[in-house]
Protein chains: 2
Amino acid sequence: MEQGNTPTEKPGYPPAQATLHEVRTAENSAAHLLPKLQSMKESNPHLKLLDVGSGSGTISVSFAKLIPDGHVTGIDVNANILPRARAVAEMAGVKNIEFQEGSIYKLPFADETFDITFCHQVLIHIGTPWDALREMLRVTKRGGVIAAREGDYETECIWPELPGLIKFHKLMASAMSAGGGTPTTGRQLVSWALKIGVERSQITLSYSTQLYHTPSERKICCKLEYFILRFVVEIKALMAVFSLAQGLSSQLRGGSLREKALKFSLGSDNDLEEMAEAWEEWAKRDDASLAMLHGEILIQK
Amino acid sequence: MEQGNTPTEKPGYPPAQATLHEVRTAENSAAHLLPKLQSMKESNPHLKLLDVGSGSGTISVSFAKLIPDGHVTGIDVNANILPRARAVAEMAGVKNIEFQEGSIYKLPFADETFDITFCHQVLIHIGTPWDALREMLRVTKRGGVIAAREGDYETECIWPELPGLIKFHKLMASAMSAGGGTPTTGRQLVSWALKIGVERSQITLSYSTQLYHTPSERKICCKLEYFILRFVVEIKALMAVFSLAQGLSSQLRGGSLREKALKFSLGSDNDLEEMAEAWEEWAKRDDASLAMLHGEILIQK
């Protein structure tokens, strides 16, 4: 799960949001790391992997399955999510894993503890992501690897371009920035690694994309709830629309996002109503889709 | 190669631009079509494939290799490029291919001629892309497939975000629009197919990405020319910077793009100089990268 905006913040995650994030696995969220993980496993089956911002633990658990003779530690700044992560591991029958509370800015581990240190959609939400990368580097063994996958919210590619959706995108980007995050994180990963002294030759950069909205998904599940579920996965900034799917008493209309928006003077009541209606319209459209670029780096220590 | 902005326009392609496009293959530019092509080939090895806007023919030739018992026709609105395409086929030793002149708006073929009709980076440059899709549909057999892959220029993801590069991006998007093209083509493919009467259930939508700038590329080839070569591939709008790599007497500074920009009042001489310098600066940066989303559709007829 994502970290809060500061090392000390412990954001609460509504159950629905945690549920959405549980479709994440190592296969769909860390594909750029897996070939390296497999080759490292061949020479050392006892790999130690740290998943920073592990949230409800589905990525961590799938890592643990990939290294059955190794060990995975999931760490999250939000202690409230840890019981869920442990339950996810137990349901999967995975034993080589543990979850604990901690901040990405001050990882509670000695230098050079892990073979692989990973984070997913964490750096985009925090104020000084290079400090987080430095800390991930510290706890990684020499010869080990640090991997991150982060969205680039400015590349959000949405159709149809309803005015309410464009407003919504701008609101989300503003809210993300106002909260200390960086909407263009995907494209900045290399620059942050260089900033903390990593050599360019140690960094492998790639991009991947995710698309939400296939005809078959629409056919199988015609309820608005399902659409929203499918499309907001991975896009925390859009999480506010989720409660639209739960009887239209949305966060956008009455909840935490609205509070944040008004706090930052990012939208009027009318704007927010327009956005909510635009999402409803979008969900009905046969030509609707949503995609976004994700930046990915591997750092060889 | 891309079509011109109107069916009657026959744009000339500088040799360098043709060369750049020659890194395109079916594997890197039609990956979304290949599984379907392979399964169709199993039941009919004699597939007939049409590549619309075939340009210098590298994608067409790689299709021809994939269906050695089938036949590929490449068609381009620009007759000047046809000799090059024929030379590319000859160099590759490919015999089951032919190239001819023709417009995507009025394909010189009877109804239901081809099993597969394909285009790449064509619809983004033309005024009524739905008419082009309708024509592609017409010449495709029932049970056949129409495939398109088109960039979404608005998702261009570039780092560092030098002011000159941001200006350049806006200029390119404006020039593309002014020329009758659609910078957000990638996201609109489904809507255009629906517009001409295709049912949503016949359409498969996907997105892919391309990234230009790896450390190993930078290490092996430190010349600016090579950087530009790598990064502008696929992005016709950026072609103007190519001549930067040829002694700095660029199109941007003195050529056709500048003419177009001034014609549409899209940039002053100072602006253009700033953009040219920004590209030079970008090429030197160790953290530089450029990526873009590409929309892809398959239509089952």
# chains A, B, ... in the order shown; residues from 1 in each chain; ligands from 1

$ interface_residues --of "chain A" --to "chain B" --cutoff "8 Å" --atoms "only C-alpha atoms" --output "count of residues only"
32

$ closest_residue --among "A:Pro163, A:Gly127, A:Gly55, A:Gly197" --to "Tyr105 in chain A" --atoms "only C-alpha atoms"
A:Gly127

$ atom_distance --atom1 "CA of Asn96 in chain A" --atom2 "CA of Val139 in chain A"
19.3 Å

$ residues_around --residues "Asp76 in chain A" --least-positions-apart "2" --cutoff "9 Å" --atoms "only C-alpha atoms" --output "ChimeraX atom specification"
/A:1-3,51-55,74,78-79,81-82,99-104

$ select_by_dssp --residues "range 23-244 of chain A" --states "helix (DSSP H, G or I)" --output "MDAnalysis selection string"
chainID A and resid 26:29 34:43 58:66 79:91 123:125 129:138 153:155 163:178 185:195 200:202 215:220 224:232 236:244

$ atom_distance --atom1 "CA of Gly143 in chain A" --atom2 "CA of Phe63 in chain A"
19.1 Å

$ closest_residue --among "B:Ala85, B:Val77, B:Leu66, B:Ile146" --to "Leu133 in chain B" --atoms "only C-alpha atoms"
B:Ile146

$ closest_residue --among "B:Ala147, B:Ile124, B:Ala132, B:Ala278" --to "Leu162 in chain B" --atoms "only C-alpha atoms"
B:Ala278

$ atom_distance --atom1 "CA of Arg142 in chain A" --atom2 "CA of Phe114 in chain A"
9.3 Å
